[in-house]
$ cat target.txt   # compact mmCIF, C-alpha atoms
# COMPACT_ATOMS: atom_id res chain seq x y z
CA MET A 1 268.82 -177.15 114.91
CA ASP A 2 265.43 -177.56 116.53
CA GLN A 3 262.79 -176.16 114.18
CA HIS A 4 260.23 -175.86 116.99
CA CYS A 5 262.02 -173.40 119.26
CA ALA A 6 259.79 -170.76 120.81
CA VAL A 7 260.23 -167.88 123.24
CA ASP A 8 258.06 -168.18 126.32
CA VAL A 9 257.41 -164.74 127.80
CA SER A 10 256.77 -165.06 131.54
CA VAL A 11 257.63 -161.52 132.65
CA PHE A 12 257.09 -158.15 130.98
CA ILE A 13 259.01 -155.17 132.31
CA GLY A 14 258.61 -151.74 130.77
CA PRO A 15 257.77 -148.06 131.31
CA VAL A 16 254.60 -147.30 133.27
CA THR A 17 252.59 -145.45 130.61
CA ALA A 18 249.18 -145.13 132.33
CA LEU A 19 247.87 -144.85 135.91
CA CYS A 20 244.40 -144.58 137.40
CA GLN A 21 243.09 -144.86 140.95
CA LEU A 22 239.47 -145.85 141.39
CA CYS A 23 236.87 -147.35 143.71
CA CYS A 24 237.28 -144.71 146.42
CA SER A 25 241.09 -145.04 146.27
CA LYS A 26 241.00 -148.80 146.84
CA TRP A 27 242.71 -149.88 143.62
CA LEU A 28 245.54 -148.47 141.54
CA LEU A 29 245.64 -149.57 137.91
CA ALA A 30 248.94 -149.39 136.01
CA GLY A 31 249.51 -149.85 132.29
CA VAL A 32 252.82 -151.44 131.26
CA GLY A 33 253.03 -152.28 127.58
CA PRO A 34 249.80 -154.11 126.64
CA TYR A 35 249.33 -155.29 130.25
CA VAL A 36 247.34 -153.72 133.10
CA GLY A 37 248.23 -154.47 136.70
CA VAL A 38 246.06 -153.90 139.77
CA TYR A 39 247.61 -152.78 143.05
CA GLY A 40 245.70 -152.75 146.32
CA CYS A 41 246.28 -151.69 149.89
CA ASP A 42 245.87 -154.42 152.49
CA SER A 43 245.68 -152.13 155.51
CA ASP A 44 242.31 -151.76 157.24
CA SER A 45 243.35 -148.42 158.72
CA ASP A 46 241.48 -145.45 157.36
CA GLY A 47 243.31 -142.79 159.35
CA GLU A 48 244.60 -139.85 157.37
CA ASP A 49 247.79 -139.57 159.39
CA ASP A 50 248.77 -143.21 158.76
CA THR A 51 248.51 -142.71 155.02
CA LEU A 52 250.38 -139.42 154.92
CA THR A 53 253.26 -140.48 157.18
CA GLY A 54 253.97 -143.56 155.08
CA GLN A 55 253.05 -146.27 157.60
CA LEU A 56 251.20 -148.08 154.79
CA VAL A 57 254.29 -148.32 152.60
CA ASN A 58 254.43 -152.12 152.78
CA ASP A 59 250.70 -152.64 152.38
CA TRP A 60 250.47 -152.00 148.59
CA VAL A 61 250.63 -155.32 146.74
CA LYS A 62 249.98 -156.45 143.20
CA ARG A 63 246.64 -158.29 142.94
CA ASP A 64 246.33 -159.12 139.27
CA THR A 65 247.80 -158.53 135.79
CA LYS A 66 246.13 -159.13 132.44
CA LEU A 67 247.11 -158.81 128.81
CA LEU A 68 244.28 -156.51 127.63
CA LEU A 69 245.37 -154.74 124.45
CA THR A 70 247.22 -157.60 122.73
CA SER A 71 249.96 -155.78 120.78
CA SER A 72 249.11 -152.15 121.69
CA VAL A 73 250.70 -150.11 124.47
CA VAL A 74 248.29 -148.85 127.14
CA HIS A 75 248.21 -145.04 127.00
CA GLY A 76 245.14 -144.23 129.10
CA ILE A 77 242.68 -145.56 131.68
CA THR A 78 239.29 -143.86 132.15
CA ALA A 79 237.19 -144.86 135.15
CA TYR A 80 233.41 -144.67 135.31
CA GLN A 81 232.91 -142.27 138.22
CA GLN A 82 234.34 -144.20 141.21
CA GLU A 83 232.84 -147.53 140.17
CA PRO A 84 235.03 -150.63 139.56
CA VAL A 85 234.66 -150.28 135.76
CA CYS A 86 237.05 -148.54 133.40
CA ILE A 87 238.12 -148.15 129.78
CA ILE A 88 241.62 -149.28 128.85
CA PHE A 89 242.91 -147.70 125.64
CA GLY A 90 246.13 -147.32 123.70
CA GLN A 91 247.21 -146.75 120.11
CA LYS A 92 244.16 -147.89 118.05
CA SER A 93 242.63 -150.32 120.56
CA LEU A 94 240.34 -150.15 123.59
CA ARG A 95 238.54 -152.48 125.95
CA VAL A 96 236.09 -152.13 128.87
CA VAL A 97 237.02 -154.07 132.02
CA SER A 98 235.72 -154.48 135.56
CA ILE A 99 237.50 -155.12 138.87
CA ASP A 100 235.98 -157.29 141.56
CA ASP A 101 236.36 -156.81 145.32
CA ALA A 102 239.48 -159.01 145.37
CA GLY A 103 241.23 -156.87 142.77
CA TYR A 104 240.91 -159.23 139.81
CA LEU A 105 240.32 -157.89 136.30
CA ALA A 106 237.53 -159.21 134.07
CA GLU A 107 237.09 -158.34 130.40
CA SER A 108 233.61 -156.93 129.79
CA CYS A 109 233.87 -156.82 126.00
CA ASP A 110 236.00 -157.92 123.07
CA LEU A 111 238.92 -155.81 121.91
CA ILE A 112 237.68 -152.82 119.89
CA LYS A 113 239.81 -151.54 117.00
CA LEU A 114 239.39 -148.00 115.67
CA PRO A 115 240.83 -146.58 112.43
CA ASP A 116 243.19 -144.05 114.01
CA TRP A 117 245.23 -143.33 117.13
CA ILE A 118 243.07 -142.86 120.24
CA TRP A 119 243.92 -139.79 122.32
CA ASP A 120 241.01 -139.75 124.76
CA VAL A 121 237.90 -141.77 125.64
CA CYS A 122 234.91 -140.74 127.78
CA TRP A 123 231.63 -142.27 128.95
CA LEU A 124 228.49 -140.80 127.36
CA TRP A 125 225.95 -140.75 130.17
CA ASP A 126 222.96 -140.04 127.94
CA SER A 127 223.28 -143.43 126.20
CA PRO A 128 221.22 -146.53 127.13
CA PRO A 129 222.76 -148.34 130.12
CA LEU A 130 224.29 -151.79 129.94
CA GLN A 131 224.73 -154.16 132.88
CA ILE A 132 228.24 -155.27 133.80
CA HIS A 133 228.38 -158.31 136.06
CA ILE A 134 230.89 -158.17 138.93
CA SER A 135 231.55 -161.86 139.51
CA GLN A 136 232.90 -162.14 143.06
CA VAL A 137 230.16 -160.09 144.68
CA ASP A 138 227.51 -161.39 142.26
CA LYS A 139 226.07 -158.02 141.34
CA SER A 140 225.38 -156.07 138.17
CA LEU A 141 226.42 -152.48 137.61
CA PRO A 142 224.67 -150.23 135.04
CA VAL A 143 227.10 -148.25 132.89
CA PRO A 144 226.61 -146.17 129.71
CA SER A 145 226.68 -148.20 126.51
CA HIS A 146 228.27 -145.50 124.34
CA LEU A 147 231.80 -144.10 124.42
CA GLY A 148 233.16 -140.90 122.94
CA CYS A 149 236.55 -141.47 121.30
CA ALA A 150 238.90 -138.68 120.17
CA LEU A 151 241.11 -139.84 117.31
CA GLY A 152 244.40 -138.69 115.87
CA HIS A 153 243.21 -136.48 113.01
CA ASN A 154 240.65 -134.36 114.90
CA VAL A 155 237.81 -136.87 114.55
CA VAL A 156 235.37 -138.03 117.26
CA HIS A 157 233.62 -141.42 117.16
CA CYS A 158 230.62 -142.53 119.21
CA VAL A 159 231.00 -146.27 119.77
CA ASN A 160 228.81 -148.92 121.40
CA TRP A 161 231.42 -150.82 123.39
CA LEU A 162 229.42 -154.06 123.60
CA THR A 163 228.42 -154.42 119.94
CA LYS A 164 231.52 -152.54 118.66
CA GLU A 165 229.17 -150.55 116.41
CA THR A 166 230.17 -147.00 115.45
CA ILE A 167 227.07 -144.83 116.01
CA HIS A 168 228.36 -141.40 114.93
CA VAL A 169 231.50 -139.99 113.31
CA VAL A 170 232.20 -136.23 113.28
CA SER A 171 235.29 -134.61 111.76
CA CYS A 172 236.59 -131.10 112.37
CA GLN A 173 237.22 -128.77 109.45
CA GLU A 174 240.88 -128.80 110.48
CA SER A 175 241.97 -132.40 110.02
CA CYS A 176 245.54 -131.88 111.21
CA ILE A 177 247.58 -134.37 113.19
CA LEU A 178 246.99 -134.19 116.95
CA TYR A 179 249.51 -134.84 119.69
CA THR A 180 246.88 -134.86 122.43
CA ALA A 181 243.14 -134.29 122.95
CA LYS A 182 240.69 -133.84 125.81
CA LEU A 183 236.95 -134.60 125.59
CA ILE A 184 234.84 -132.19 127.68
CA GLY A 185 231.27 -133.19 128.51
CA THR A 186 229.23 -136.24 129.49
CA SER A 187 226.74 -136.51 126.63
CA TRP A 188 227.02 -136.56 122.85
CA SER A 189 224.94 -133.43 122.47
CA SER A 190 227.20 -131.41 124.78
CA LEU A 191 230.54 -132.95 123.88
CA ILE A 192 233.39 -130.55 123.10
CA LEU A 193 236.85 -131.58 121.96
CA ALA A 194 239.95 -129.62 122.96
CA SER A 195 242.61 -130.84 120.56
CA GLY A 196 246.34 -130.10 120.69
CA THR A 197 247.72 -129.74 117.20
CA VAL A 198 251.10 -130.10 115.56
CA PHE A 199 250.80 -126.37 114.74
CA ASN A 200 251.27 -125.35 118.41
CA GLN A 201 247.58 -124.54 118.95
CA VAL A 202 244.67 -125.78 121.03
CA ILE A 203 241.43 -125.99 119.02
CA LEU A 204 237.99 -126.25 120.65
CA TRP A 205 235.02 -127.51 118.66
CA SER A 206 231.63 -129.10 119.33
CA VAL A 207 230.74 -132.49 117.90
CA SER A 208 227.10 -131.39 117.56
CA GLY A 209 227.71 -127.76 116.60
CA GLN A 210 227.34 -126.05 113.24
CA THR A 211 229.03 -127.60 110.24
CA LYS A 212 230.28 -126.38 106.90
CA GLN A 213 229.94 -128.13 103.57
CA ARG A 214 230.62 -131.90 103.61
CA GLY A 215 229.49 -131.98 107.24
CA LEU A 216 232.79 -130.86 108.80
CA ALA A 217 232.47 -129.24 112.22
CA LEU A 218 233.53 -125.61 112.53
CA VAL A 219 236.30 -124.49 114.87
CA ASP A 220 234.73 -122.59 117.76
CA ALA A 221 237.82 -121.33 119.62
CA ARG A 222 241.54 -121.28 119.00
CA LEU A 223 244.19 -120.89 121.73
CA THR A 224 247.60 -119.71 120.55
CA GLY A 225 250.88 -118.73 122.18
CA HIS A 226 252.88 -121.94 122.55
CA GLN A 227 256.15 -122.27 120.64
CA GLY A 228 255.97 -126.06 120.31
CA VAL A 229 253.51 -128.88 119.74
CA ILE A 230 250.89 -129.52 122.45
CA PHE A 231 251.50 -132.64 124.54
CA SER A 232 248.81 -132.41 127.23
CA ILE A 233 245.41 -130.80 127.82
CA ASP A 234 243.36 -130.95 131.00
CA TYR A 235 240.15 -129.23 132.10
CA ASN A 236 238.72 -128.55 135.55
CA PRO A 237 234.95 -127.99 135.16
CA SER A 238 234.45 -126.55 138.66
CA LEU A 239 237.08 -123.84 138.04
CA ASN A 240 236.43 -123.45 134.28
CA ILE A 241 240.18 -123.60 133.74
CA LEU A 242 241.91 -125.42 130.89
CA SER A 243 245.63 -126.21 130.84
CA SER A 244 247.93 -126.87 127.90
CA ALA A 245 251.49 -128.23 128.09
CA SER A 246 253.92 -127.94 125.23
CA ASP A 247 257.20 -128.93 123.68
CA ASP A 248 258.38 -125.42 124.65
CA ARG A 249 258.52 -126.60 128.31
CA SER A 250 255.72 -124.28 129.38
CA ILE A 251 252.25 -124.77 130.86
CA LYS A 252 249.53 -122.27 130.01
CA LEU A 253 246.35 -121.77 132.04
CA TRP A 254 243.23 -120.54 130.26
CA LYS A 255 239.90 -119.35 131.64
CA VAL A 256 237.30 -121.06 129.44
CA ASN A 257 233.65 -120.12 129.88
CA LEU A 258 231.43 -122.75 128.30
CA PRO A 259 227.80 -121.66 127.75
CA LEU A 260 225.37 -123.62 129.90
CA SER A 261 223.30 -124.35 126.82
CA LYS A 262 226.23 -126.31 125.45
CA THR A 263 226.74 -128.52 128.43
CA ASP A 264 223.29 -128.91 129.93
CA GLN A 265 220.74 -128.90 127.15
CA THR A 266 219.94 -131.75 124.84
CA GLN A 267 220.30 -131.47 121.10
CA THR A 268 216.54 -130.96 120.66
CA ASP A 269 216.58 -128.00 123.06
CA ARG A 270 219.27 -126.09 121.22
CA SER A 271 218.62 -123.59 118.48
CA SER A 272 220.59 -123.62 115.25
CA ASN A 273 222.14 -120.27 116.16
CA ASP A 274 223.31 -121.44 119.58
CA ARG A 275 226.96 -122.09 118.75
CA VAL A 276 229.94 -122.96 120.91
CA ALA A 277 231.53 -119.92 119.32
CA ASP A 278 230.20 -118.22 122.46
CA ILE A 279 233.12 -119.84 124.31
CA LYS A 280 235.23 -117.12 125.91
CA CYS A 281 238.90 -117.99 126.40
CA THR A 282 241.37 -115.85 128.34
CA LEU A 283 245.02 -116.61 129.09
CA LEU A 284 245.52 -116.51 132.86
CA ASN A 285 249.16 -117.48 133.31
CA THR A 286 252.19 -119.14 131.72
CA LEU A 287 254.20 -121.45 133.99
CA TYR A 288 257.88 -122.33 133.58
CA GLY A 289 259.58 -124.82 135.91
CA HIS A 290 260.50 -127.95 133.97
CA SER A 291 263.94 -128.25 132.36
CA ALA A 292 262.61 -130.46 129.56
CA ARG A 293 259.36 -131.26 127.78
CA VAL A 294 256.17 -131.40 129.85
CA TRP A 295 254.23 -134.61 129.23
CA GLN A 296 251.13 -134.29 131.41
CA VAL A 297 249.27 -131.81 133.64
CA LYS A 298 246.40 -132.36 136.08
CA LEU A 299 244.28 -129.51 137.43
CA LEU A 300 243.17 -130.16 141.02
CA GLN A 301 240.97 -127.94 143.15
CA HIS A 302 243.89 -126.33 145.00
CA TYR A 303 246.98 -127.43 143.11
CA ILE A 304 248.36 -128.11 139.65
CA ILE A 305 250.46 -131.27 139.15
CA SER A 306 252.83 -131.65 136.19
CA ILE A 307 255.27 -134.33 135.05
CA GLY A 308 257.88 -134.28 132.35
CA GLU A 309 260.93 -135.55 130.55
CA ASP A 310 263.17 -134.25 133.35
CA THR A 311 261.80 -136.95 135.74
CA ARG A 312 260.34 -134.31 138.05
CA CYS A 313 256.84 -134.03 139.39
CA LEU A 314 256.08 -130.39 140.16
CA VAL A 315 253.30 -129.07 142.37
CA TRP A 316 252.09 -125.54 141.59
CA ASN A 317 249.58 -123.16 143.05
CA TYR A 318 247.23 -121.27 140.74
CA GLU A 319 249.37 -118.14 141.05
CA GLY A 320 252.04 -120.01 139.05
CA GLN A 321 254.48 -120.71 141.88
CA VAL A 322 256.19 -124.09 142.30
CA ILE A 323 255.47 -125.11 145.88
CA GLN A 324 257.16 -128.50 145.69
CA LYS A 325 259.58 -130.39 143.46
CA CYS A 326 259.26 -134.15 143.74
CA THR A 327 262.06 -136.37 142.49
CA GLY A 328 262.87 -140.05 142.78
CA HIS A 329 262.52 -141.57 139.31
CA ARG A 330 265.78 -142.42 137.56
CA GLY A 331 266.86 -141.95 133.98
CA ARG A 332 264.48 -139.98 131.78
CA ASN A 333 260.73 -139.39 131.67
CA ILE A 334 257.80 -139.64 134.02
CA TRP A 335 255.14 -140.92 131.64
CA SER A 336 251.98 -141.22 133.74
CA LEU A 337 250.17 -139.46 136.57
CA ALA A 338 247.19 -140.21 138.81
CA VAL A 339 245.67 -138.45 141.81
CA SER A 340 243.43 -139.91 144.50
CA GLN A 341 239.79 -138.88 144.75
CA GLN A 342 240.56 -136.90 147.93
CA GLU A 343 243.42 -135.13 146.05
CA ASP A 344 245.89 -135.96 148.82
CA ILE A 345 247.91 -138.74 147.16
CA VAL A 346 249.83 -138.45 143.86
CA PHE A 347 251.06 -141.46 141.86
CA THR A 348 253.69 -141.23 139.12
CA GLY A 349 254.82 -143.89 136.66
CA GLY A 350 258.24 -143.63 135.08
CA GLY A 351 260.42 -144.90 132.30
CA ASP A 352 262.46 -146.64 135.01
CA CYS A 353 259.63 -149.21 135.39
CA SER A 354 258.65 -147.86 138.81
CA ILE A 355 255.55 -146.34 140.40
CA GLN A 356 256.07 -143.72 143.10
CA MET A 357 253.51 -142.46 145.56
CA PHE A 358 253.63 -139.03 147.20
CA SER A 359 251.53 -137.50 149.96
CA LEU A 360 250.05 -134.05 149.42
CA SER A 361 248.98 -132.47 152.71
CA ARG A 362 247.07 -129.20 152.99
CA LYS A 363 248.21 -128.89 156.60
CA ILE A 364 251.54 -127.53 155.39
CA CYS A 365 249.76 -124.90 153.31
CA ARG A 366 247.97 -123.73 156.42
CA SER A 367 251.34 -123.65 158.21
CA ALA A 368 252.70 -121.50 155.38
CA ALA A 369 249.80 -119.08 155.80
CA ASN A 370 250.34 -118.98 159.56
CA SER A 371 254.07 -118.34 159.12
CA ASN A 372 253.36 -115.42 156.81
CA SER A 373 250.89 -114.08 159.35
CA LEU A 374 253.47 -114.35 162.11
CA ALA A 375 256.05 -112.54 159.99
CA ALA A 376 253.58 -109.72 159.27
CA ASN A 377 252.65 -109.43 162.94
CA SER A 378 256.30 -109.33 164.00
CA ASN A 379 257.07 -106.53 161.55
CA SER A 380 254.07 -104.59 162.82
CA LEU A 381 255.18 -104.99 166.42
CA ALA A 382 258.71 -103.89 165.57
CA ALA A 383 257.43 -100.76 163.86
CA ASN A 384 255.09 -99.80 166.72
CA SER A 385 257.24 -100.40 169.76
CA ASN A 386 260.96 -100.76 170.43
CA SER A 387 260.18 -102.66 173.60
CA LEU A 388 258.57 -105.42 171.53
CA ALA A 389 261.41 -105.59 168.97
CA ALA A 390 262.94 -108.66 170.55
CA ASN A 391 259.62 -110.49 170.55
CA SER A 392 258.94 -109.52 166.96
CA ASN A 393 262.34 -110.83 165.87
CA SER A 394 261.56 -114.04 167.72
CA LEU A 395 258.27 -114.34 165.85
CA ALA A 396 260.01 -113.66 162.55
CA ALA A 397 262.55 -116.37 163.33
CA ASN A 398 259.77 -118.82 164.11
CA SER A 399 258.00 -117.95 160.89
CA ASN A 400 261.21 -118.48 158.91
CA SER A 401 261.68 -121.79 160.68
CA LEU A 402 258.21 -122.84 159.58
CA ALA A 403 258.93 -121.74 156.04
CA VAL A 404 262.09 -123.85 155.91
CA LYS A 405 260.05 -126.93 156.78
CA LEU A 406 257.57 -126.45 153.97
CA PRO A 407 259.29 -128.74 151.43
CA SER A 408 258.27 -131.73 153.59
CA ASP A 409 254.72 -131.15 152.31
CA MET A 410 255.14 -133.85 149.70
CA LYS A 411 257.43 -136.81 150.20
CA VAL A 412 257.77 -140.28 148.74
CA ILE A 413 255.82 -142.73 150.86
CA CYS A 414 255.83 -145.68 148.50
CA THR A 415 257.88 -146.85 145.53
CA VAL A 416 256.86 -149.95 143.63
CA ILE A 417 259.87 -151.23 141.68
CA MET A 418 258.49 -153.78 139.24
CA LYS A 419 261.88 -155.41 138.80
CA ARG A 420 261.62 -156.55 142.40
CA GLN A 421 258.30 -158.25 141.67
CA MET A 422 259.32 -160.19 138.57
CA SER A 423 258.18 -163.52 139.95
CA GLY A 424 254.65 -162.26 140.61
CA LEU A 425 254.21 -159.81 137.78
CA LEU A 426 252.10 -162.00 135.49
$ encode --input "target.txt" --output "structure tokens"
Amino acid sequence: MDQHCAVDVSVFIGPVTALCQLCCSKWLLAGVGPYVGVYGCDSDSDGEDDTLTGQLVNDWVKRDTKLLLTSSVVHGITAYQQEPVCIIFGQKSLRVVSIDDAGYLAESCDLIKLPDWIWDVCWLWDSPPLQIHISQVDKSLPVPSHLGCALGHNVVHCVNWLTKETIHVVSCQESCILYTAKLIGTSWSSLILASGTVFNQVILWSVSGQTKQRGLALVDARLTGHQGVIFSIDYNPSLNILSSASDDRSIKLWKVNLPLSKTDQTQTDRSSNDRVADIKCTLLNTLYGHSARVWQVKLLQHYIISIGEDTRCLVWNYEGQVIQKCTGHRGRNIWSLAVSQQEDIVFTGGGDCSIQMFSLSRKICRSAANSNSLAANSNSLAANSNSLAANSNSLAANSNSLAVKLPSDMKVICTVIMKRQMSGLL
């Protein structure tokens, strides 16, 4: 027997565990195992109608794939604003990368290893900037040098991504195991962690707030009500709404009022009595619609998007109504979710090794409003005059016809099946 046999891996196929669209919707990044692939759209058309009707379905092509996290699975991708720079993280590893104008990935730093599972990473804008060179266009881009990293036992690290030096470490007084976490804020002095615990709660605490003995940060707010562990937390700063998704198949929406002093002032401006305990949290709604566990939720300006174990992507309004059910993935689990900057395109990555792309048009919502208006007008006409009854019934029929067409609001306009691209995957 040959003692020098080796397995040469030329193709890696697996679940799509992370998605992120960046650079003004030019590139879509997808995490598959330890690899990250870059997809781009070749079309020069910038018309809204072309995108929404699916005429660009054949224009999305894979540009590049790189092994970035060695032996760790990619669980998240965090972009720096809409610049071609992002953080790739998964398990206990992270790396900063850049994307040039041709869609090729470049590693901006060595692989960084942290002592615990990484649940979320954010850029800290108040840190000294570092220059990242974008090779193809021969330009340098200033980005923050420090990252905030939320780890698996309710601990937050401040890390210099170039030197790999840990600047700060803050632990919460409750060092329980987390199933998810969301960092809120853009500077170390204002950073708040919303952590989803194994005890079915969401805990909010400030990394620079008051501490007890041994320097452990105090819990500033506690959200209860779920009957299962917390799998996803998202926060919309313009609406001051926080979402939590749980093993109990529900999504809860919370109104969270963060004091301005906690998000806008620097550490030197804050008094010792100015605590994040001033956070006011109110339960707004509890949403049920998934038939299995909910893995991820995104809060948009007009909609809520959720994905789950039941392979469905649901679109909700903020009144808690499901306005669209999007299917297409096979088997079990949609693992990842991304939304375009304009909030009109939704990408989902599944356990079936595929990426699906849906259009989300507000025109249909306006049609829904118009149909309701027509129905109301027709009822009013019928009540006021028998001579107009026929016309009112006609208007009601038209309004019902419009309502029937509403489910076309979101439809699949692109599916990338990685198995069909095996020869060009790596």
$ residues_around --input "target.txt" --residues "segment 114-124 of chain A" --least-positions-apart "3" --cutoff "8 Å" --atoms "all atoms listed in the file" --output "list in words"
Gly76, Thr78, Tyr80, Ile87, Phe89, Gly90, Gln91, Lys92, Ser93, Ser127, Pro144, Ser145, His146, Leu147, Gly148, Cys149, Ala150, Leu151, Gly152, His153, Tyr179, Thr180, Ala181, Lys182, Leu183, Thr186, Ser187 and Trp188 of chain A
$ atom_distance --input "target.txt" --atom1 "atom CA of Leu29 of chain A" --atom2 "atom CA of Leu287 of chain A"
29.7 Å
$ atom_distance --input "target.txt" --atom1 "atom CA of Ile323 of chain A" --atom2 "atom CA of Thr311 of chain A"
16.8 Å
$ closest_residue --input "target.txt" --among "A:Gln81, A:Gly209, A:Val202, A:Val97" --to "Trp254 of chain A" --atoms "all atoms listed in the file"
A:Val202
$ atom_distance --input "target.txt" --atom1 "atom CA of Arg332 of chain A" --atom2 "atom CA of Thr348 of chain A"
13.1 Å
$ closest_residue --input "target.txt" --among "A:Asn285, A:Ser250, A:Ser108, A:Thr17" --to "Ser72 of chain A" --atoms "all atoms listed in the file"
A:Thr17
$ closest_residue --input "target.txt" --among "A:Cys158, A:Val85, A:Cys41, A:Ile334" --to "Pro15 of chain A" --atoms "only C-alpha atoms"
A:Ile334
$ closest_residue --input "target.txt" --among "A:Cys281, A:Ile304, A:Thr166, A:Ala338" --to "Ile203 of chain A" --atoms "only C-alpha atoms"
A:Cys281
$ axis_aligned_box --input "target.txt" --around "segment 212-220 of chain A" --padding-each-side "4 Å" --output "AutoDock Vina command-line options"
--center_x 232.9 --center_y -127.3 --center_z 110.7 --size_x 14.8 --size_y 17.4 --size_z 22.2
$ closest_residue --input "target.txt" --among "A:His157, A:Lys139, A:Lys252, A:Arg222" --to "Asp234 of chain A" --atoms "only C-alpha atoms"
A:Lys252
$ closest_residue --input "target.txt" --among "A:Ala245, A:Cys353, A:Ile177, A:Leu19" --to "Gly225 of chain A" --atoms "only C-alpha atoms"
A:Ala245
$ residues_around --input "target.txt" --residues "Val346 of chain A" --least-positions-apart "5" --cutoff "10 Å" --atoms "all atoms listed in the file" --output "number ranges by chain"
A: 21, 305, 313, 337-340, 356-360, 410, 412
$ residues_around --input "target.txt" --residues "Gly215 of chain A" --least-positions-apart "2" --cutoff "8 Å" --atoms "all atoms listed in the file" --output "PyMOL selection string"
chain A and resi 170-171+211-213+217
$ decode --input "target.txt" --residues "segment 228-241 of chain A" --atoms "N, CA and C atoms" --output "PDB file, in the first residue's frame"
ATOM      1  N   GLY A 228     -37.961  29.408  25.573  1.00  0.00           N
ATOM      2  CA  GLY A 228     -36.834  28.638  25.042  1.00  0.00           C
ATOM      3  C   GLY A 228     -35.616  29.525  24.946  1.00  0.00           C
ATOM      4  N   VAL A 229     -34.478  28.919  24.627  1.00  0.00           N
ATOM      5  CA  VAL A 229     -33.237  29.681  24.524  1.00  0.00           C
ATOM      6  C   VAL A 229     -33.345  30.691  23.382  1.00  0.00           C
ATOM      7  N   ILE A 230     -32.547  31.760  23.459  1.00  0.00           N
ATOM      8  CA  ILE A 230     -32.589  32.848  22.475  1.00  0.00           C
ATOM      9  C   ILE A 230     -31.592  32.549  21.367  1.00  0.00           C
ATOM     10  N   PHE A 231     -32.060  32.551  20.127  1.00  0.00           N
ATOM     11  CA  PHE A 231     -31.212  32.227  18.987  1.00  0.00           C
ATOM     12  C   PHE A 231     -30.798  33.453  18.171  1.00  0.00           C
ATOM     13  N   SER A 232     -31.535  34.544  18.269  1.00  0.00           N
ATOM     14  CA  SER A 232     -31.221  35.701  17.429  1.00  0.00           C
ATOM     15  C   SER A 232     -31.666  36.982  18.112  1.00  0.00           C
ATOM     16  N   ILE A 233     -30.836  38.026  17.990  1.00  0.00           N
ATOM     17  CA  ILE A 233     -31.171  39.370  18.477  1.00  0.00           C
ATOM     18  C   ILE A 233     -30.789  40.363  17.389  1.00  0.00           C
ATOM     19  N   ASP A 234     -31.688  41.292  17.117  1.00  0.00           N
ATOM     20  CA  ASP A 234     -31.364  42.380  16.187  1.00  0.00           C
ATOM     21  C   ASP A 234     -31.874  43.684  16.781  1.00  0.00           C
ATOM     22  N   TYR A 235     -31.302  44.791  16.311  1.00  0.00           N
ATOM     23  CA  TYR A 235     -31.684  46.107  16.831  1.00  0.00           C
ATOM     24  C   TYR A 235     -31.713  47.105  15.694  1.00  0.00           C
ATOM     25  N   ASN A 236     -32.801  47.866  15.616  1.00  0.00           N
ATOM     26  CA  ASN A 236     -32.930  48.935  14.630  1.00  0.00           C
ATOM     27  C   ASN A 236     -32.816  50.266  15.362  1.00  0.00           C
ATOM     28  N   PRO A 237     -31.687  50.987  15.231  1.00  0.00           N
ATOM     29  CA  PRO A 237     -31.486  52.216  16.006  1.00  0.00           C
ATOM     30  C   PRO A 237     -32.423  53.350  15.627  1.00  0.00           C
ATOM     31  N   SER A 238     -32.887  53.394  14.378  1.00  0.00           N
ATOM     32  CA  SER A 238     -33.781  54.485  13.982  1.00  0.00           C
ATOM     33  C   SER A 238     -35.183  54.305  14.550  1.00  0.00           C
ATOM     34  N   LEU A 239     -35.582  53.053  14.815  1.00  0.00           N
ATOM     35  CA  LEU A 239     -36.896  52.777  15.389  1.00  0.00           C
ATOM     36  C   LEU A 239     -36.837  52.506  16.887  1.00  0.00           C
ATOM     37  N   ASN A 240     -35.620  52.325  17.417  1.00  0.00           N
ATOM     38  CA  ASN A 240     -35.435  51.941  18.826  1.00  0.00           C
ATOM     39  C   ASN A 240     -36.197  50.662  19.158  1.00  0.00           C
ATOM     40  N   ILE A 241     -36.151  49.708  18.237  1.00  0.00           N
ATOM     41  CA  ILE A 241     -36.821  48.432  18.433  1.00  0.00           C
ATOM     42  C   ILE A 241     -35.790  47.313  18.417  1.00  0.00           C
TER      43      ILE A 241
END
